[in-house]
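Below is start-v4.cif, which holds mmCIF, C-alpha atoms.
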```cif
data_coords
#
loop_
_atom_site.label_atom_id
_atom_site.label_comp_id
_atom_site.auth_asym_id
_atom_site.auth_seq_id
_atom_site.Cartn_x
_atom_site.Cartn_y
_atom_site.Cartn_z
CA MET I 19 0.00 0.00 0.00
CA PRO I 20 1.24 3.53 -0.67
CA ASN I 21 3.30 5.38 1.90
CA PHE I 22 3.31 9.17 1.60
CA TYR I 23 5.82 11.05 3.76
CA GLY I 24 5.81 8.27 6.36
CA THR I 25 2.04 7.79 6.46
CA GLU I 26 0.80 4.44 5.19
CA ILE I 27 -2.55 4.64 3.41
CA ALA I 28 -4.77 1.56 3.21
CA SER I 29 -6.06 2.25 -0.31
CA ARG I 30 -4.64 3.01 -3.74
CA LEU I 31 -7.54 5.29 -4.46
CA MET I 32 -7.53 9.02 -3.69
CA LEU I 33 -10.78 10.83 -4.30
CA GLY I 34 -11.73 14.46 -4.81
CA THR I 35 -14.66 16.06 -3.02
CA ALA I 36 -15.97 18.41 -5.75
CA GLN I 37 -18.93 18.24 -8.14
CA TYR I 38 -21.08 15.62 -6.36
CA PRO I 39 -24.86 15.97 -6.70
CA SER I 40 -25.23 16.18 -2.90
CA PRO I 41 -23.22 15.81 0.34
CA ALA I 42 -24.99 12.50 1.01
CA ILE I 43 -23.88 11.11 -2.36
CA LEU I 44 -20.34 12.33 -1.70
CA ALA I 45 -20.29 10.45 1.62
CA GLU I 46 -21.71 7.30 0.03
CA ALA I 47 -19.17 7.47 -2.81
CA PHE I 48 -16.33 7.69 -0.29
CA ARG I 49 -17.72 4.77 1.68
CA ARG I 50 -17.90 2.53 -1.37
CA SER I 51 -14.57 3.71 -2.78
CA GLY I 52 -12.61 2.81 0.33
CA ALA I 53 -10.43 5.84 -0.51
CA GLY I 54 -7.89 6.73 2.14
CA ILE I 55 -7.29 10.32 1.08
CA ALA I 56 -9.69 13.11 0.13
CA THR I 57 -8.58 16.19 -1.77
CA VAL I 58 -10.05 19.49 -0.59
CA SER I 59 -9.59 23.15 -1.36
CA VAL I 60 -9.90 26.65 0.05
CA ARG I 61 -12.25 29.23 -1.37
CA ARG I 62 -13.57 32.65 -0.42
CA GLU I 63 -16.10 32.62 2.42
CA ALA I 64 -19.09 34.63 1.21
CA GLY I 65 -20.96 36.74 3.78
CA GLY I 66 -22.33 34.88 6.79
CA GLU I 67 -23.01 31.62 4.95
CA ARG I 68 -20.54 29.58 6.96
CA ALA I 69 -20.36 27.14 4.03
CA GLY I 70 -16.85 26.29 5.16
CA GLU I 71 -18.04 25.05 8.55
CA ALA I 72 -20.58 22.69 6.95
CA PHE I 73 -18.00 21.29 4.54
CA TRP I 74 -15.46 20.89 7.34
CA ALA I 75 -17.98 18.86 9.36
CA LEU I 76 -18.70 16.69 6.30
CA VAL I 77 -15.06 15.83 5.59
CA GLN I 78 -14.35 15.14 9.26
CA GLU I 79 -16.98 12.40 9.13
CA LEU I 80 -15.34 10.72 6.12
CA GLY I 81 -12.56 9.45 8.37
CA VAL I 82 -9.84 9.88 5.71
CA ALA I 83 -6.63 11.88 5.47
CA LEU I 84 -7.07 15.31 3.88
CA LEU I 85 -4.94 16.61 1.04
CA PRO I 86 -5.64 20.30 0.36
CA ASN I 87 -4.87 21.64 -3.10
CA THR I 88 -3.84 24.94 -4.64
CA ALA I 89 -6.26 24.50 -7.56
CA GLY I 90 -6.65 27.46 -9.87
CA CYS I 91 -3.38 29.11 -8.89
CA HIS I 92 -1.41 30.43 -11.85
CA SER I 93 1.53 32.06 -10.08
CA VAL I 94 4.09 30.91 -7.55
CA ARG I 95 3.05 33.56 -5.06
CA GLU I 96 -0.63 32.65 -5.32
CA ALA I 97 0.15 28.97 -4.85
CA VAL I 98 2.42 29.57 -1.85
CA THR I 99 -0.08 31.84 -0.08
CA THR I 100 -2.91 29.39 -0.80
CA ALA I 101 -0.81 26.54 0.60
CA GLN I 102 -0.10 28.52 3.75
CA MET I 103 -3.80 29.24 4.25
CA ALA I 104 -4.68 25.59 3.59
CA ARG I 105 -2.16 24.39 6.17
CA GLU I 106 -3.81 26.50 8.85
CA LEU I 107 -7.37 25.57 7.82
CA PHE I 108 -6.87 21.83 7.48
CA ASP I 109 -4.14 21.42 10.06
CA THR I 110 -1.87 19.38 7.77
CA ARG I 111 1.58 19.76 6.23
CA TRP I 112 0.40 17.96 3.08
CA ILE I 113 -0.28 20.08 0.02
CA LYS I 114 -1.28 19.07 -3.49
CA LEU I 115 0.66 21.72 -5.34
CA GLU I 116 -0.93 22.99 -8.55
CA VAL I 117 0.61 25.83 -10.50
CA ILE I 118 -1.39 26.03 -13.70
CA GLY I 119 0.46 27.18 -16.80
CA HIS I 120 -2.13 26.92 -19.53
CA ALA I 121 -5.79 27.87 -19.32
CA ASP I 122 -7.17 25.42 -21.92
CA THR I 123 -5.33 22.27 -20.94
CA LEU I 124 -4.78 23.13 -17.25
CA GLN I 125 -1.25 21.89 -17.89
CA PRO I 126 1.11 22.53 -14.97
CA ASP I 127 3.62 25.37 -15.29
CA PRO I 128 6.80 23.32 -14.75
CA PHE I 129 8.99 26.33 -13.96
CA GLY I 130 6.60 27.82 -11.39
CA LEU I 131 5.93 24.37 -9.96
CA VAL I 132 9.58 23.73 -9.12
CA GLU I 133 10.00 27.20 -7.63
CA ALA I 134 6.87 26.91 -5.49
CA ALA I 135 7.81 23.37 -4.40
CA ARG I 136 11.23 24.58 -3.26
CA ILE I 137 9.70 27.40 -1.20
CA LEU I 138 7.08 25.18 0.39
CA VAL I 139 9.49 22.36 1.24
CA GLY I 140 11.65 25.03 2.90
CA GLU I 141 8.66 26.01 5.02
CA GLY I 142 8.10 22.44 6.19
CA PHE I 143 5.38 21.41 3.77
CA GLU I 144 5.11 17.87 2.41
CA VAL I 145 4.48 18.56 -1.24
CA PHE I 146 2.45 16.40 -3.66
CA PRO I 147 3.14 18.15 -6.98
CA TYR I 148 0.60 17.89 -9.79
CA CYS I 149 3.06 17.57 -12.68
CA THR I 150 3.53 16.18 -16.15
CA GLU I 151 5.43 12.96 -16.90
CA ASP I 152 8.49 14.95 -18.06
CA LEU I 153 11.54 13.21 -16.59
CA VAL I 154 13.61 16.37 -16.23
CA LEU I 155 10.81 18.22 -14.45
CA CYS I 156 10.34 15.26 -12.12
CA GLU I 157 14.09 15.18 -11.37
CA ARG I 158 13.93 18.86 -10.44
CA LEU I 159 10.92 18.32 -8.21
CA VAL I 160 12.74 15.56 -6.36
CA GLU I 161 15.78 17.81 -6.02
CA ALA I 162 13.46 20.47 -4.58
CA GLY I 163 12.44 18.00 -1.88
CA CYS I 164 9.27 16.35 -3.21
CA ARG I 165 8.97 12.73 -2.03
CA VAL I 166 5.84 12.01 -4.06
CA LEU I 167 5.15 12.80 -7.71
CA MET I 168 1.70 13.10 -9.23
CA PRO I 169 1.90 13.14 -13.04
CA TRP I 170 -1.27 13.68 -15.02
CA GLY I 171 -2.79 10.87 -17.05
CA ALA I 172 -4.54 13.41 -19.27
CA PRO I 173 -5.79 16.98 -18.73
CA ILE I 174 -8.03 17.48 -15.68
CA GLY I 175 -11.66 16.56 -16.27
CA THR I 176 -11.18 14.99 -19.71
CA GLY I 177 -11.54 11.32 -18.84
CA LEU I 178 -9.10 10.41 -21.61
CA GLY I 179 -7.05 8.03 -19.49
CA LEU I 180 -3.29 7.55 -19.79
CA ASN I 181 -2.21 9.70 -22.73
CA ASN I 182 1.48 8.88 -22.70
CA ILE I 183 2.00 5.28 -21.65
CA TYR I 184 5.64 5.31 -22.70
CA GLY I 185 6.40 8.45 -20.66
CA LEU I 186 4.59 7.15 -17.59
CA ARG I 187 6.36 3.79 -17.83
CA SER I 188 9.73 5.55 -18.16
CA LEU I 189 8.95 7.65 -15.10
CA ARG I 190 8.10 4.55 -13.08
CA ALA I 191 11.36 2.91 -14.17
CA HIS I 192 13.35 6.05 -13.42
CA PHE I 193 12.03 6.41 -9.86
CA PRO I 194 11.55 2.81 -8.71
CA GLU I 195 11.25 3.70 -5.02
CA LEU I 196 9.36 6.99 -5.10
CA PRO I 197 5.58 6.95 -4.55
CA LEU I 198 3.96 7.86 -7.88
CA VAL I 199 0.31 8.78 -8.28
CA ILE I 200 -1.62 9.30 -11.51
CA ASP I 201 -3.46 12.54 -10.89
CA ALA I 202 -6.14 13.69 -13.28
CA GLY I 203 -7.56 12.64 -16.62
CA LEU I 204 -9.00 9.25 -15.68
CA GLY I 205 -12.54 8.49 -16.78
CA LEU I 206 -12.94 4.74 -16.34
CA PRO I 207 -11.91 2.06 -13.85
CA SER I 208 -10.01 0.19 -16.60
CA GLN I 209 -7.68 3.20 -16.93
CA ALA I 210 -7.05 3.17 -13.17
CA ALA I 211 -6.32 -0.56 -13.30
CA GLN I 212 -3.86 0.07 -16.14
CA ALA I 213 -2.00 2.66 -14.04
CA ILE I 214 -1.68 0.32 -11.07
CA GLU I 215 -0.69 -2.61 -13.31
CA MET I 216 2.19 -0.42 -14.54
CA GLY I 217 3.39 -0.12 -10.96
CA TYR I 218 1.92 3.22 -10.00
CA ASP I 219 1.20 3.42 -6.29
CA ALA I 220 -2.18 5.14 -6.47
CA VAL I 221 -4.59 7.12 -8.61
CA LEU I 222 -6.32 10.38 -7.78
CA LEU I 223 -9.63 11.15 -9.42
CA ASN I 224 -12.69 13.25 -8.95
CA THR I 225 -14.78 14.01 -12.05
CA ALA I 226 -14.94 10.36 -13.18
CA VAL I 227 -16.78 9.49 -9.96
CA ALA I 228 -18.63 12.70 -9.17
CA ARG I 229 -20.01 13.14 -12.70
CA ALA I 230 -21.04 9.51 -13.23
CA GLY I 231 -24.77 8.84 -13.32
CA ASP I 232 -24.34 6.85 -10.11
CA PRO I 233 -21.25 8.23 -8.34
CA ALA I 234 -21.25 5.69 -5.52
CA MET I 235 -21.44 2.74 -7.92
CA MET I 236 -18.61 4.21 -10.02
CA ALA I 237 -16.56 4.71 -6.85
CA GLU I 238 -16.87 1.02 -6.09
CA GLY I 239 -15.95 0.22 -9.69
CA PHE I 240 -12.71 2.17 -9.28
CA ALA I 241 -12.03 0.50 -5.93
CA ARG I 242 -12.24 -2.94 -7.51
CA ALA I 243 -10.17 -1.82 -10.51
CA VAL I 244 -7.24 -0.65 -8.40
CA GLU I 245 -7.36 -3.89 -6.44
CA ALA I 246 -7.30 -5.87 -9.69
CA GLY I 247 -4.42 -3.73 -10.95
CA ALA I 248 -2.41 -4.29 -7.78
CA LEU I 249 -2.92 -8.06 -7.94
CA ALA I 250 -1.84 -8.10 -11.58
CA HIS I 251 1.28 -6.05 -10.87
CA ALA I 252 2.26 -8.27 -7.94
CA ALA I 253 1.60 -11.42 -9.97
CA ASP I 254 4.29 -10.56 -12.57
CA PRO I 255 2.37 -10.45 -15.86
CA MET I 256 3.39 -12.43 -18.95
CA GLU I 257 5.29 -10.69 -21.74
CA PRO I 258 3.16 -9.79 -24.77
CA ARG I 259 4.28 -11.34 -28.09
CA ASP I 260 3.38 -10.78 -31.72
CA MET I 261 2.87 -14.37 -32.88
CA ALA I 262 0.13 -16.69 -31.68
CA ALA I 263 1.10 -19.50 -29.34
CA PRO I 264 -1.50 -22.25 -28.70
CA SER I 265 -2.53 -22.55 -25.08
CA THR I 266 -4.14 -25.97 -25.54
CA PRO I 267 -1.49 -28.74 -25.85
CA VAL I 268 -0.78 -29.70 -29.47
CA LEU I 269 0.40 -33.12 -28.42
CA GLY I 270 -2.29 -35.77 -28.31
CA LYS I 271 -4.73 -34.11 -30.64
CA ALA I 272 -6.86 -36.73 -32.41
CA PHE I 273 -6.11 -37.30 -36.10
CA LEU I 274 -9.44 -36.73 -37.86
CA MET U 8 -11.77 53.67 5.25
CA LYS U 9 -12.25 51.74 2.06
CA ILE U 10 -10.66 48.31 1.67
CA THR U 11 -11.34 45.27 -0.51
CA VAL U 12 -12.60 42.03 1.05
CA ASN U 13 -12.73 38.98 -1.20
CA GLY U 14 -12.78 41.20 -4.26
CA GLU U 15 -15.56 43.50 -3.06
CA ALA U 16 -15.23 47.10 -1.88
CA VAL U 17 -15.99 47.42 1.84
CA GLU U 18 -16.22 50.46 4.13
CA THR U 19 -14.87 49.58 7.57
CA ALA U 20 -13.89 51.16 10.86
CA ALA U 21 -11.80 48.14 11.83
CA GLY U 22 -8.20 49.01 12.54
CA THR U 23 -6.87 45.48 12.53
CA LEU U 24 -7.52 42.25 10.65
CA ALA U 25 -8.89 40.68 13.85
CA ALA U 26 -11.35 43.58 14.27
CA LEU U 27 -12.43 43.25 10.64
CA LEU U 28 -13.20 39.55 11.09
CA GLU U 29 -15.28 40.39 14.19
CA GLU U 30 -17.11 43.07 12.22
CA LEU U 31 -17.91 40.55 9.47
CA GLY U 32 -19.10 37.92 11.94
CA GLN U 33 -16.12 35.69 11.13
CA GLY U 34 -14.28 36.10 14.43
CA GLU U 35 -14.84 32.53 15.56
CA ALA U 36 -15.18 30.95 12.11
CA ARG U 37 -12.79 28.41 10.59
CA VAL U 38 -11.22 30.81 8.10
CA ALA U 39 -7.72 31.66 6.92
CA THR U 40 -6.63 35.11 5.87
CA ALA U 41 -4.26 36.97 3.58
CA VAL U 42 -3.65 40.70 3.18
CA ASN U 43 -2.21 42.05 -0.05
CA GLU U 44 -1.43 38.48 -1.18
CA ASP U 45 0.55 37.65 1.98
CA PHE U 46 -0.72 34.98 4.38
CA VAL U 47 -1.57 36.30 7.85
CA PRO U 48 -1.65 33.45 10.40
CA MET U 49 -4.41 33.35 12.98
CA GLY U 50 -2.06 34.42 15.76
CA ALA U 51 -0.96 37.53 13.84
CA ARG U 52 -4.40 38.99 13.07
CA GLU U 53 -4.49 41.24 16.16
CA ALA U 54 -1.20 42.82 15.23
CA ARG U 55 -1.97 43.19 11.52
CA THR U 56 -3.21 46.77 11.10
CA LEU U 57 -5.25 47.70 8.06
CA ALA U 58 -4.70 50.66 5.77
CA PRO U 59 -6.96 52.16 3.08
CA GLY U 60 -6.81 50.14 -0.12
CA ASP U 61 -5.71 46.91 1.56
CA ARG U 62 -6.86 43.74 -0.18
CA VAL U 63 -8.08 41.17 2.31
CA GLU U 64 -8.83 37.55 1.43
CA ILE U 65 -10.89 35.38 3.78
CA VAL U 66 -11.13 31.71 2.82
CA SER U 67 -12.60 28.56 4.32
CA PRO U 68 -12.54 24.81 3.65
CA ARG U 69 -14.25 23.85 0.41
CA GLN U 70 -14.69 21.02 -2.09
CA GLY U 71 -11.66 20.30 -4.27
CA GLY U 72 -10.23 17.78 -6.70
#
```
Would you mind writing the structure in this file as structure tokens?
Amino acid sequence: MPNFYGTEIASRLMLGTAQYPSPAILAEAFRRSGAGIATVSVRREAGGERAGEAFWALVQELGVALLPNTAGCHSVREAVTTAQMARELFDTRWIKLEVIGHADTLQPDPFGLVEAARILVGEGFEVFPYCTEDLVLCERLVEAGCRVLMPWGAPIGTGLGLNNIYGLRSLRAHFPELPLVIDAGLGLPSQAAQAIEMGYDAVLLNTAVARAGDPAMMAEGFARAVEAGALAHAADPMEPRDMAAPSTPVLGKAFL
Amino acid sequence: MKITVNGEAVETAAGTLAALLEELGQGEARVATAVNEDFVPMGAREARTLAPGDRVEIVSPRQGG
């Protein structure tokens, strides 16, 4: 099971808390997912609504570790200040660091990401960077002090799955010991299973579950998929080959 | 004096960030604050004086992916 900054988590599934039809469906989706980590955010508190208090009570009841994000931040300064506010609000050193570089693809800004990671690690944060599968970027993030990497599968919210299998496989081979999480872009349980089969430690998703017709059922689908993926990875899969090879013994076939 | 709170213009008599939160009914709330893009920890709100034109951000826990 994955170990993030010394904390062992009993599930390979990490689930976001946004976009569910209702708080009750969110809670049910978490229950059926078995997820060990929930991602959360900070947003402006409007007037006397106290929406934050209600959400805080809801996530406390989930009984999972909280991973606040810096979603929507486009500059290093914004991301650092957001992380600092999140640490106080959620009482955790963990931060899912997002520094967005491109509005259409929500692709991470690799330069800002490394700079923000370095600052936050220096301030005692345990950084989970939302990054691309670029090997050089990932090297720099590790040099900056990140002990987890979270490359995207595909752009956030697209459900396209693992867009660059070769790059993700190279990353896994390059960092055999580092916890690696596929963050974003997954739409189906089969894609999550594929990530875990490749040796990824966990997957983080939100839209695929929250926007399904039945979020709780989809959450359970993902839970079973990551379990299947983990079994397959541990079982040492066969090598694919181009030519057919009969599985039924040739010897002893009747002459007819 | 006029300041900005969460992007909206606000007229306030509060001299400090802590007083502003009281004025807005957020004194006891689970919120985090920043002034002019710099984080102000809970323990520093009393000492953080406000000046005209300051930009205050008040945030709370919310759904995220």
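The nearest approach to chain U among the residues I:Ala101, I:Leu33, I:Leu44, I:Val58, with only C-alpha atoms taken into account, belongs to I:Val58.
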Item to check | Check: which chain U residues lie within 7 Å of chain I using all atoms listed in the file, as a ChimeraX atom specification | outcome: /U:13,32,37-40,44-46,65-72
Checklist entry - Separation of CA of Lys9 (chain U) and CA of Ala58 (chain U), in Å? => result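 Separation of CA of Lys9 (chain U) and CA of Ala58 (chain U): 8.5 Å.
In terms of minimum interatomic distance to Leu196 (chain I), I:Asp219 ranks closest within I:Asp219, I:Leu269, I:Ala210, I:Gly177, counting only C-alpha atoms.
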Checklist entry - Where does the PyMOL selection byres ((chain I and resi 171) around 10) land in this file, that is, which residues does it pick, as an MDAnalysis selection string? => result chainID I and resid 149:151 168:170 172:174 176:183 186 199:204 209:210 213 221:222
May I have the residues within 10 Å of Ala53 (chain I) as a CSV table (one decimal) with C-alpha atoms, in the coordinates of the input, using all atoms listed in the file and disregarding those fewer than 6 positions away in the same chain?
```csv
chain,number,residue,atom,x,y,z
I,27,ILE,CA,-2.6,4.6,3.4
I,28,ALA,CA,-4.8,1.6,3.2
I,29,SER,CA,-6.1,2.2,-0.3
I,30,ARG,CA,-4.6,3.0,-3.7
I,31,LEU,CA,-7.5,5.3,-4.5
I,32,MET,CA,-7.5,9.0,-3.7
I,33,LEU,CA,-10.8,10.8,-4.3
I,34,GLY,CA,-11.7,14.5,-4.8
I,47,ALA,CA,-19.2,7.5,-2.8
I,80,LEU,CA,-15.3,10.7,6.1
I,81,GLY,CA,-12.6,9.4,8.4
I,82,VAL,CA,-9.8,9.9,5.7
I,83,ALA,CA,-6.6,11.9,5.5
I,222,LEU,CA,-6.3,10.4,-7.8
I,237,ALA,CA,-16.6,4.7,-6.8
I,238,GLU,CA,-16.9,1.0,-6.1
I,240,PHE,CA,-12.7,2.2,-9.3
I,241,ALA,CA,-12.0,0.5,-5.9
```
Please enumerate the residues selected by the PyMOL selection byres ((chain I and resi 118) around 9) when evaluated against the supplied file, formatted as a tab-separated table (two decimals) with C-alpha atoms, in the frame of the given file.
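part-v8.tsv, written as the output of this step:
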```tsv
chain	number	residue	atom	x	y	z
I	89	ALA	CA	-6.26	24.50	-7.56
I	90	GLY	CA	-6.65	27.46	-9.87
I	91	CYS	CA	-3.38	29.11	-8.89
I	92	HIS	CA	-1.41	30.43	-11.85
I	93	SER	CA	1.53	32.06	-10.08
I	116	GLU	CA	-0.93	22.99	-8.55
I	117	VAL	CA	0.61	25.83	-10.50
I	119	GLY	CA	0.46	27.18	-16.80
I	120	HIS	CA	-2.13	26.92	-19.53
I	121	ALA	CA	-5.79	27.87	-19.32
I	124	LEU	CA	-4.78	23.13	-17.25
I	125	GLN	CA	-1.25	21.89	-17.89
I	126	PRO	CA	1.11	22.53	-14.97
I	127	ASP	CA	3.62	25.37	-15.29
I	128	PRO	CA	6.80	23.32	-14.75
I	130	GLY	CA	6.60	27.82	-11.39
I	131	LEU	CA	5.93	24.37	-9.96
```
Next on the checklist: List as a list in words the protein and nucleic acid residues near Arg190 (chain I), meaning an atom at most 10 Å away when all atoms listed in the file are counted, but skip any in the same chain fewer than 5 places from it.
Outcome noted: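 Returned residues: Glu151, Leu153, Tyr184, Gly185, Glu195, Leu196, Pro197, Leu198, Met216, Gly217, Tyr218 and Asp219 of chain I.
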Checklist entry - Evaluating the PyMOL selection byres ((chain I and resi 135) around 8) on the displayed file yields which residues, as number ranges by chain? => result I: 115, 131-134, 136-139, 145, 147, 159, 162-164
Using the selection just defined, write its residues with C-alpha atoms as a short mmCIF file (atom, residue, chain, number, x, y, z; two decimals), keeping the file's coordinate frame.
```cif
data_model
loop_
_atom_site.label_atom_id
_atom_site.label_comp_id
_atom_site.auth_asym_id
_atom_site.auth_seq_id
_atom_site.Cartn_x
_atom_site.Cartn_y
_atom_site.Cartn_z
CA LEU I 115 0.66 21.72 -5.34
CA LEU I 131 5.93 24.37 -9.96
CA VAL I 132 9.58 23.73 -9.12
CA GLU I 133 10.00 27.20 -7.63
CA ALA I 134 6.87 26.91 -5.49
CA ARG I 136 11.23 24.58 -3.26
CA ILE I 137 9.70 27.40 -1.20
CA LEU I 138 7.08 25.18 0.39
CA VAL I 139 9.49 22.36 1.24
CA VAL I 145 4.48 18.56 -1.24
CA PRO I 147 3.14 18.15 -6.98
CA LEU I 159 10.92 18.32 -8.21
CA ALA I 162 13.46 20.47 -4.58
CA GLY I 163 12.44 18.00 -1.88
CA CYS I 164 9.27 16.35 -3.21
#
```
Next on the checklist: Counting only C-alpha atoms, I want the residues whose atoms come within 10 Å of (6.8, -5.6, -18.8) in the file frame, returned as a PyMOL selection string.
Outcome noted: chain I and resi 187+215-216+251+254-258
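Every protein or nucleic acid residue with an atom no more than 8 Å from Gly14 (chain U), counting all atoms listed in the file and leaving out same-chain residues fewer than 2 positions away, appears here: Thr11, Val12, Ala16, Arg62 and Glu64 of chain U.
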Item to check | Interatomic distance (Å, one decimal) between CA of Thr110 (chain I) and CA of Val63 (chain U) | outcome: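 The value is 23.3 Å.
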Checklist entry - Could you work out how far CA of Gly24 (chain I) lies from CA of Glu46 (chain I), giving the answer in Å with one decimal? => result 28.3 Å
Next on the checklist: Counting only C-alpha atoms, find residues at most 12 Å from (-23.9, 5.3, -7.6) (file frame) and give them as a VMD selection string.
Outcome noted: chain I and resid 38 to 40 42 to 51 226 to 240
Next on the checklist: Taking all atoms listed in the file into account, name the residue in U:Pro48, U:Met8, U:Leu57, U:Asn43 that is nearest to Ala26 (chain U).
Outcome noted: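 Among U:Pro48, U:Met8, U:Leu57, U:Asn43, it is U:Leu57 that comes nearest to Ala26 (chain U).
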Region 137-141 of chain I, all listed atoms, 8 Å padding on each side: what axis-aligned box centre and edge lengths in Å to one decimal come out, as lines of an AutoDock Vina configuration file?
```
center_x = 9.4
center_y = 24.9
center_z = 1.9
size_x = 20.6
size_y = 21.0
size_z = 22.2
```
